[in-house]
$ cat model-v4.cif   # mmCIF, C-alpha atoms and all ligand atoms
data_start
#
loop_
_atom_site.label_atom_id
_atom_site.label_comp_id
_atom_site.auth_asym_id
_atom_site.auth_seq_id
_atom_site.Cartn_x
_atom_site.Cartn_y
_atom_site.Cartn_z
CA MET L 1158 88.39 93.39 122.68
CA ARG L 1159 87.66 95.30 119.52
CA LYS L 1160 85.28 97.60 121.33
CA TYR L 1161 88.24 99.31 122.92
CA ARG L 1162 89.60 100.24 119.54
CA LEU L 1163 87.28 103.20 119.15
CA LEU L 1164 88.03 104.49 122.62
CA VAL L 1165 91.76 104.27 122.12
CA LEU L 1166 91.57 105.94 118.74
CA LEU L 1167 89.38 108.73 120.05
CA CYS L 1168 91.79 109.28 122.91
CA ALA L 1169 94.66 109.37 120.47
CA GLY L 1170 92.76 111.90 118.37
CA LEU L 1171 93.17 109.83 115.23
CA PRO L 1172 90.65 109.17 112.49
CA ALA L 1173 89.01 105.87 113.34
CA LEU L 1174 87.85 102.67 111.79
CA ALA L 1175 88.91 101.28 108.48
CA TRP L 1176 89.53 103.26 105.39
CA GLY L 1177 89.30 106.86 106.40
CA PRO L 1178 86.86 109.02 104.45
CA GLU L 1179 89.21 109.21 101.46
CA GLY L 1180 89.32 105.45 100.97
CA HIS L 1181 85.53 105.09 101.22
CA ASP L 1182 85.07 108.07 98.94
CA LEU L 1183 87.29 106.54 96.28
CA VAL L 1184 85.57 103.14 96.43
CA ALA L 1185 82.13 104.78 96.13
CA ARG L 1186 83.16 107.01 93.22
CA ILE L 1187 84.80 104.15 91.34
CA ALA L 1188 81.71 101.97 91.82
CA GLU L 1189 79.32 104.73 90.78
CA ALA L 1190 81.14 105.07 87.46
CA GLN L 1191 80.57 101.35 86.78
CA LEU L 1192 76.84 101.25 87.54
CA THR L 1193 74.33 100.37 84.85
CA ALA L 1194 71.85 103.11 83.96
CA GLU L 1195 69.17 101.16 85.81
CA ALA L 1196 71.19 100.71 89.00
CA ARG L 1197 72.29 104.34 88.90
CA ALA L 1198 68.67 105.52 88.73
CA ARG L 1199 67.69 103.21 91.60
CA VAL L 1200 70.61 104.44 93.76
CA ALA L 1201 69.57 108.06 93.16
CA GLU L 1202 65.98 107.23 94.02
CA ILE L 1203 66.90 105.34 97.22
CA LEU L 1204 69.42 107.90 98.51
CA GLY L 1205 67.25 110.87 97.63
CA LEU L 1206 68.09 114.40 96.50
CA GLY L 1207 71.38 115.86 97.66
CA SER L 1208 73.09 112.53 98.48
CA THR L 1209 75.61 110.61 96.42
CA MET L 1210 77.27 107.25 97.03
CA ALA L 1211 80.42 109.11 98.03
CA SER L 1212 78.64 111.51 100.38
CA VAL L 1213 77.08 108.65 102.39
CA SER L 1214 80.03 106.25 102.17
CA SER L 1215 81.35 106.96 105.71
CA TRP L 1216 77.95 107.24 107.40
CA PRO L 1217 78.23 103.83 109.17
CA ASP L 1218 81.39 105.07 110.92
CA GLN L 1219 79.55 108.19 112.08
CA ILE L 1220 76.69 106.25 113.71
CA ARG L 1221 78.89 103.52 115.17
CA ARG L 1222 79.04 105.01 118.64
CA SER L 1223 75.31 105.66 118.95
CA ARG L 1224 74.50 102.18 117.56
CA PRO L 1225 77.12 99.91 119.16
CA GLU L 1226 75.45 96.74 117.84
CA THR L 1227 76.72 97.74 114.38
CA GLY L 1228 80.39 97.74 115.52
CA PRO L 1229 81.23 94.11 114.64
CA TRP L 1230 79.68 94.53 111.18
CA HIS L 1231 82.77 96.45 110.01
CA TYR L 1232 85.24 93.53 110.08
CA VAL L 1233 85.78 89.78 110.14
CA ASP L 1234 88.40 88.31 112.47
CA ILE L 1235 90.21 85.71 110.33
CA PRO L 1236 93.26 84.77 112.45
CA ILE L 1237 96.52 85.74 110.82
CA ASP L 1238 98.00 82.29 111.52
CA LYS L 1239 95.11 80.42 109.85
CA PRO L 1240 94.94 79.68 106.12
CA GLY L 1241 91.42 80.99 105.57
CA LEU L 1242 87.92 81.78 106.71
CA ASP L 1243 85.92 79.62 109.10
CA MET L 1244 82.51 81.27 109.51
CA ALA L 1245 81.72 79.49 112.81
CA ARG L 1246 85.02 80.68 114.29
CA ASP L 1247 85.39 84.11 112.63
CA CYS L 1248 81.79 85.27 112.34
CA PRO L 1249 80.16 84.30 115.65
CA ASN L 1250 76.36 84.73 115.68
CA GLY L 1251 76.50 86.17 112.18
CA ASN L 1252 78.23 89.24 113.59
CA CYS L 1253 80.82 90.20 111.00
CA VAL L 1254 81.19 92.14 107.78
CA ILE L 1255 80.48 89.11 105.56
CA ALA L 1256 77.15 88.36 107.24
CA ALA L 1257 76.31 92.08 107.46
CA ILE L 1258 76.76 92.51 103.69
CA ALA L 1259 74.51 89.49 103.05
CA ALA L 1260 71.84 90.80 105.42
CA MET L 1261 71.88 94.32 103.96
CA ARG L 1262 71.77 93.01 100.39
CA ALA L 1263 68.71 90.92 101.27
CA LYS L 1264 67.01 94.07 102.62
CA LEU L 1265 67.99 95.97 99.50
CA ARG L 1266 66.40 93.36 97.22
CA ASP L 1267 63.25 92.78 99.28
CA PRO L 1268 60.36 94.78 97.77
CA ALA L 1269 58.72 94.91 101.23
CA THR L 1270 61.60 96.88 102.82
CA ALA L 1271 60.52 100.38 103.93
CA ALA L 1272 62.17 103.34 102.20
CA ASP L 1273 64.23 104.49 105.22
CA GLN L 1274 65.42 100.92 105.86
CA ARG L 1275 66.35 100.48 102.21
CA ARG L 1276 68.36 103.70 102.34
CA GLU L 1277 70.24 102.49 105.42
CA ALA L 1278 70.86 99.09 103.83
CA LEU L 1279 72.35 100.75 100.75
CA MET L 1280 74.63 102.99 102.84
CA PHE L 1281 75.81 99.96 104.84
CA VAL L 1282 76.57 97.95 101.68
CA ILE L 1283 78.53 100.87 100.17
CA HIS L 1284 80.61 101.17 103.34
CA PHE L 1285 81.13 97.50 104.21
CA VAL L 1286 82.29 96.38 100.76
CA GLY L 1287 84.95 99.05 101.14
CA ASP L 1288 85.85 98.12 104.72
CA MET L 1289 86.45 94.42 104.06
CA HIS L 1290 89.08 95.28 101.43
CA GLN L 1291 91.26 96.97 104.06
CA PRO L 1292 93.39 93.92 104.95
CA LEU L 1293 93.30 94.71 108.68
CA HIS L 1294 89.50 94.45 108.55
CA SER L 1295 89.63 90.86 107.27
CA SER L 1296 92.25 89.59 109.70
CA ASN L 1297 93.04 89.34 113.39
CA HIS L 1298 96.49 89.28 114.93
CA GLY L 1299 95.42 89.85 118.55
CA ASP L 1300 96.59 93.46 118.39
CA ARG L 1301 93.21 95.20 118.02
CA GLY L 1302 93.44 95.40 114.25
CA GLY L 1303 96.97 96.78 114.34
CA ASN L 1304 96.19 99.53 116.84
CA GLU L 1305 98.71 98.09 119.27
CA VAL L 1306 101.54 98.02 116.73
CA HIS L 1307 103.41 101.27 117.19
CA ILE L 1308 105.12 102.67 114.14
CA VAL L 1309 107.01 105.68 112.91
CA PHE L 1310 106.13 106.83 109.41
CA HIS L 1311 107.99 109.76 107.84
CA GLY L 1312 109.04 110.83 111.33
CA GLN L 1313 105.51 110.74 112.77
CA PRO L 1314 104.49 108.29 115.49
CA GLY L 1315 101.34 106.27 114.83
CA ASN L 1316 100.02 102.75 114.65
CA LEU L 1317 99.64 100.11 111.96
CA HIS L 1318 95.86 100.45 111.72
CA GLY L 1319 96.00 104.19 111.15
CA LEU L 1320 98.76 103.70 108.59
CA TRP L 1321 96.55 101.41 106.49
CA ASP L 1322 93.34 103.40 107.04
CA GLY L 1323 94.63 106.69 105.80
CA GLY L 1324 98.29 107.35 106.59
CA LEU L 1325 99.55 105.76 103.39
CA LEU L 1326 96.67 107.14 101.28
CA ALA L 1327 97.32 110.66 102.54
CA ARG L 1328 100.72 110.58 100.86
CA MET L 1329 99.51 109.08 97.58
CA GLY L 1330 98.57 112.35 95.93
CA LYS L 1331 95.38 114.32 95.40
CA GLU L 1332 92.15 112.35 95.66
CA ASP L 1333 90.91 113.48 92.23
CA ASP L 1334 94.15 112.36 90.56
CA LEU L 1335 94.00 109.03 92.38
CA PHE L 1336 90.36 108.62 91.41
CA ALA L 1337 91.07 109.14 87.71
CA ARG L 1338 93.87 106.58 87.73
CA LEU L 1339 92.28 103.92 89.96
CA SER L 1340 88.86 104.25 88.35
CA ALA L 1341 90.31 103.59 84.88
CA ALA L 1342 92.31 100.61 86.16
CA SER L 1343 89.28 99.23 87.99
CA ALA L 1344 87.01 99.55 84.95
CA ARG L 1345 89.54 97.73 82.75
CA ARG L 1346 89.58 94.71 85.07
CA ARG L 1347 86.02 94.88 86.39
CA LYS L 1348 84.95 91.45 85.09
CA LYS L 1349 87.95 89.72 86.61
CA PHE L 1350 87.60 91.57 89.92
CA ALA L 1351 83.87 90.82 90.25
CA LYS L 1352 84.42 87.05 90.22
CA GLY L 1353 84.04 85.05 93.42
CA SER L 1354 81.96 85.53 96.57
CA VAL L 1355 82.14 88.02 99.42
CA SER L 1356 83.87 85.28 101.47
CA ASP L 1357 86.47 84.83 98.71
CA TRP L 1358 87.13 88.59 98.79
CA ALA L 1359 87.64 88.49 102.56
CA GLU L 1360 90.10 85.60 102.23
CA GLN L 1361 91.99 87.51 99.56
CA ALA L 1362 92.30 90.53 101.89
CA HIS L 1363 93.35 88.21 104.73
CA LYS L 1364 96.15 86.84 102.54
CA LEU L 1365 97.36 90.39 101.92
CA ALA L 1366 97.41 90.99 105.66
CA GLN L 1367 99.56 87.88 106.09
CA GLN L 1368 101.93 88.57 103.21
CA MET L 1369 102.15 92.35 103.22
CA VAL L 1370 100.71 94.15 106.26
CA TYR L 1371 102.42 91.84 108.78
CA GLY L 1372 104.69 89.79 106.52
CA ARG L 1373 106.83 92.72 105.46
CA LEU L 1374 106.94 94.62 108.74
CA PRO L 1375 110.47 95.63 109.65
CA ASN L 1376 112.10 94.33 112.80
CA ALA L 1377 112.57 96.53 115.83
CA ALA L 1378 114.00 96.16 119.30
CA PRO L 1379 111.43 94.90 121.82
CA GLY L 1380 109.17 97.77 122.86
CA ALA L 1381 110.53 100.11 120.21
CA PRO L 1382 108.26 101.41 117.39
CA LEU L 1383 108.72 99.99 113.89
CA THR L 1384 110.08 102.41 111.34
CA ILE L 1385 108.10 102.13 108.11
CA GLY L 1386 110.62 102.56 105.31
CA ALA L 1387 110.42 103.36 101.61
CA ASP L 1388 110.27 99.71 100.52
CA TYR L 1389 107.28 98.92 102.78
CA GLU L 1390 105.54 102.12 101.70
CA ARG L 1391 105.98 101.40 97.99
CA ARG L 1392 104.65 97.84 98.27
CA ALA L 1393 101.82 98.87 100.61
CA ASP L 1394 100.73 101.68 98.26
CA ALA L 1395 100.42 99.14 95.44
CA VAL L 1396 98.28 96.86 97.64
CA ILE L 1397 96.05 99.77 98.68
CA GLU L 1398 95.54 100.83 95.07
CA LEU L 1399 94.65 97.29 94.03
CA GLN L 1400 92.25 96.82 96.95
CA ILE L 1401 90.45 100.09 96.19
CA GLU L 1402 90.20 99.14 92.50
CA ARG L 1403 88.79 95.75 93.46
CA ALA L 1404 86.38 97.17 96.04
CA GLY L 1405 84.98 99.67 93.53
CA ALA L 1406 84.40 97.05 90.83
CA ARG L 1407 82.88 94.61 93.33
CA LEU L 1408 80.57 97.21 94.87
CA ALA L 1409 79.35 98.08 91.39
CA ALA L 1410 78.79 94.40 90.56
CA VAL L 1411 76.81 93.91 93.80
CA LEU L 1412 74.59 96.95 93.16
CA ASN L 1413 74.12 96.14 89.47
CA GLN L 1414 72.91 92.73 90.55
CA ASP L 1415 70.70 93.85 93.45
CA LEU L 1416 69.19 97.00 91.93
CA GLN L 1417 68.04 95.82 88.51
ZN ZN V 1 83.89 100.97 108.86
#

$ encode --input "model-v4.cif" --output "structure tokens" --more "lines below"
Ligand SMILES: [Zn+2]
Amino acid sequence: MRKYRLLVLLCAGLPALAWGPEGHDLVARIAEAQLTAEARARVAEILGLGSTMASVSSWPDQIRRSRPETGPWHYVDIPIDKPGLDMARDCPNGNCVIAAIAAMRAKLRDPATAADQRREALMFVIHFVGDMHQPLHSSNHGDRGGNEVHIVFHGQPGNLHGLWDGGLLARMGKEDDLFARLSAASARRRKKFAKGSVSDWAEQAHKLAQQMVYGRLPNAAPGAPLTIGADYERRADAVIELQIERAGARLAAVLNQDLQ
């Protein structure tokens, strides 16, 4: 069912697929600031001249149409009415963001990996650690990741997925100001954030989808769009900030570990 998401989004002319470029950019920049000197040098060497973690952070979204097998790697479908992750149920055939991160990290660490494959693996890891922190990418409510939930936000029609990908972020101020604030907050709590496994991080995002993304949705008449009000926006902004801070610290921890 998810494969229709791209088509619908393209038809609607909306930016597609998990954090928009701004979210991925922020996660990459926050992580880069927390790299060890060793990991930083390795990242520069792997990416090559002219590329930064931020500049490649949305690449997997750009190649998604030409490489459809990569589509399921951007999310994990933990049902919204289930308490947590069940890999057999939610990650069939190892086709989900949790398994994709593990596979790409293994490629990154393997000395036998060819240079172009290592570069791809690094770009996938940078992107996927970001993606899984968008709560709608670690949950499934049978609504194509929120694309079928019609909303009105500050007078503009849209859908829940687009709201969480970039609609909320777009109103949170200039990216450089956000970066300065979130990067400092992320660095302060980096040790705490880096605890746990990738699966734990997905379950944490799933809980936020239950409690916040869906749990605090306003009511509307059947068939009518949901009006996203100031209270939802304020709480959602706080969740987005926290998730970007966490994603940055965790991406740095992953790369510091894998690129010693
Ligand atoms: Zn993505």

$ atom_distance --input "model-v4.cif" --atom1 "CA of His1231 in chain L" --atom2 "CA of Glu1195 in chain L"
28.2 Å

$ closest_residue --input "model-v4.cif" --among "L:Ile1255, L:Lys1264, L:Val1286, L:Tyr1371" --to "ligand ZN 1 (chain V)" --atoms "all atoms listed in the file"
L:Val1286

$ closest_residue --input "model-v4.cif" --among "L:Ala1272, L:His1311, L:Asp1388, L:Gly1241" --to "Gly1205 in chain L" --atoms "all atoms listed in the file"
L:Ala1272

$ residues_near_ligand --input "model-v4.cif" --ligand "ligand ZN 1 (chain V)" --cutoff "12 Å" --atoms "only C-alpha atoms and all ligand atoms" --output "PDB file with C-alpha atoms, in the coordinates of the input"
ATOM      1  CA  LEU L1163      87.280 103.200 119.150  1.00  0.00           C
ATOM      2  CA  PRO L1172      90.650 109.170 112.490  1.00  0.00           C
ATOM      3  CA  ALA L1173      89.010 105.870 113.340  1.00  0.00           C
ATOM      4  CA  LEU L1174      87.850 102.670 111.790  1.00  0.00           C
ATOM      5  CA  ALA L1175      88.910 101.280 108.480  1.00  0.00           C
ATOM      6  CA  TRP L1176      89.530 103.260 105.390  1.00  0.00           C
ATOM      7  CA  GLY L1177      89.300 106.860 106.400  1.00  0.00           C
ATOM      8  CA  PRO L1178      86.860 109.020 104.450  1.00  0.00           C
ATOM      9  CA  GLY L1180      89.320 105.450 100.970  1.00  0.00           C
ATOM     10  CA  HIS L1181      85.530 105.090 101.220  1.00  0.00           C
ATOM     11  CA  SER L1214      80.030 106.250 102.170  1.00  0.00           C
ATOM     12  CA  SER L1215      81.350 106.960 105.710  1.00  0.00           C
ATOM     13  CA  TRP L1216      77.950 107.240 107.400  1.00  0.00           C
ATOM     14  CA  PRO L1217      78.230 103.830 109.170  1.00  0.00           C
ATOM     15  CA  ASP L1218      81.390 105.070 110.920  1.00  0.00           C
ATOM     16  CA  GLN L1219      79.550 108.190 112.080  1.00  0.00           C
ATOM     17  CA  ILE L1220      76.690 106.250 113.710  1.00  0.00           C
ATOM     18  CA  ARG L1221      78.890 103.520 115.170  1.00  0.00           C
ATOM     19  CA  ARG L1222      79.040 105.010 118.640  1.00  0.00           C
ATOM     20  CA  THR L1227      76.720  97.740 114.380  1.00  0.00           C
ATOM     21  CA  GLY L1228      80.390  97.740 115.520  1.00  0.00           C
ATOM     22  CA  PRO L1229      81.230  94.110 114.640  1.00  0.00           C
ATOM     23  CA  TRP L1230      79.680  94.530 111.180  1.00  0.00           C
ATOM     24  CA  HIS L1231      82.770  96.450 110.010  1.00  0.00           C
ATOM     25  CA  TYR L1232      85.240  93.530 110.080  1.00  0.00           C
ATOM     26  CA  VAL L1233      85.780  89.780 110.140  1.00  0.00           C
ATOM     27  CA  CYS L1253      80.820  90.200 111.000  1.00  0.00           C
ATOM     28  CA  VAL L1254      81.190  92.140 107.780  1.00  0.00           C
ATOM     29  CA  ALA L1257      76.310  92.080 107.460  1.00  0.00           C
ATOM     30  CA  MET L1280      74.630 102.990 102.840  1.00  0.00           C
ATOM     31  CA  PHE L1281      75.810  99.960 104.840  1.00  0.00           C
ATOM     32  CA  VAL L1282      76.570  97.950 101.680  1.00  0.00           C
ATOM     33  CA  ILE L1283      78.530 100.870 100.170  1.00  0.00           C
ATOM     34  CA  HIS L1284      80.610 101.170 103.340  1.00  0.00           C
ATOM     35  CA  PHE L1285      81.130  97.500 104.210  1.00  0.00           C
ATOM     36  CA  VAL L1286      82.290  96.380 100.760  1.00  0.00           C
ATOM     37  CA  GLY L1287      84.950  99.050 101.140  1.00  0.00           C
ATOM     38  CA  ASP L1288      85.850  98.120 104.720  1.00  0.00           C
ATOM     39  CA  MET L1289      86.450  94.420 104.060  1.00  0.00           C
ATOM     40  CA  HIS L1290      89.080  95.280 101.430  1.00  0.00           C
ATOM     41  CA  GLN L1291      91.260  96.970 104.060  1.00  0.00           C
ATOM     42  CA  LEU L1293      93.300  94.710 108.680  1.00  0.00           C
ATOM     43  CA  HIS L1294      89.500  94.450 108.550  1.00  0.00           C
ATOM     44  CA  SER L1295      89.630  90.860 107.270  1.00  0.00           C
ATOM     45  CA  ASP L1322      93.340 103.400 107.040  1.00  0.00           C
TER      46      ASP L1322
END

$ closest_residue --input "model-v4.cif" --among "L:Gln1274, L:Ser1354, L:Asn1297, L:Thr1209" --to "Lys1239 in chain L" --atoms "all atoms listed in the file"
L:Asn1297

$ atom_distance --input "model-v4.cif" --atom1 "CA of Ala1201 in chain L" --atom2 "CA of Arg1407 in chain L"
18.9 Å

$ closest_residue --input "model-v4.cif" --among "L:Leu1325, L:Leu1399, L:Cys1248, L:Leu1408" --to "Ala1351 in chain L" --atoms "all atoms listed in the file"
L:Leu1408
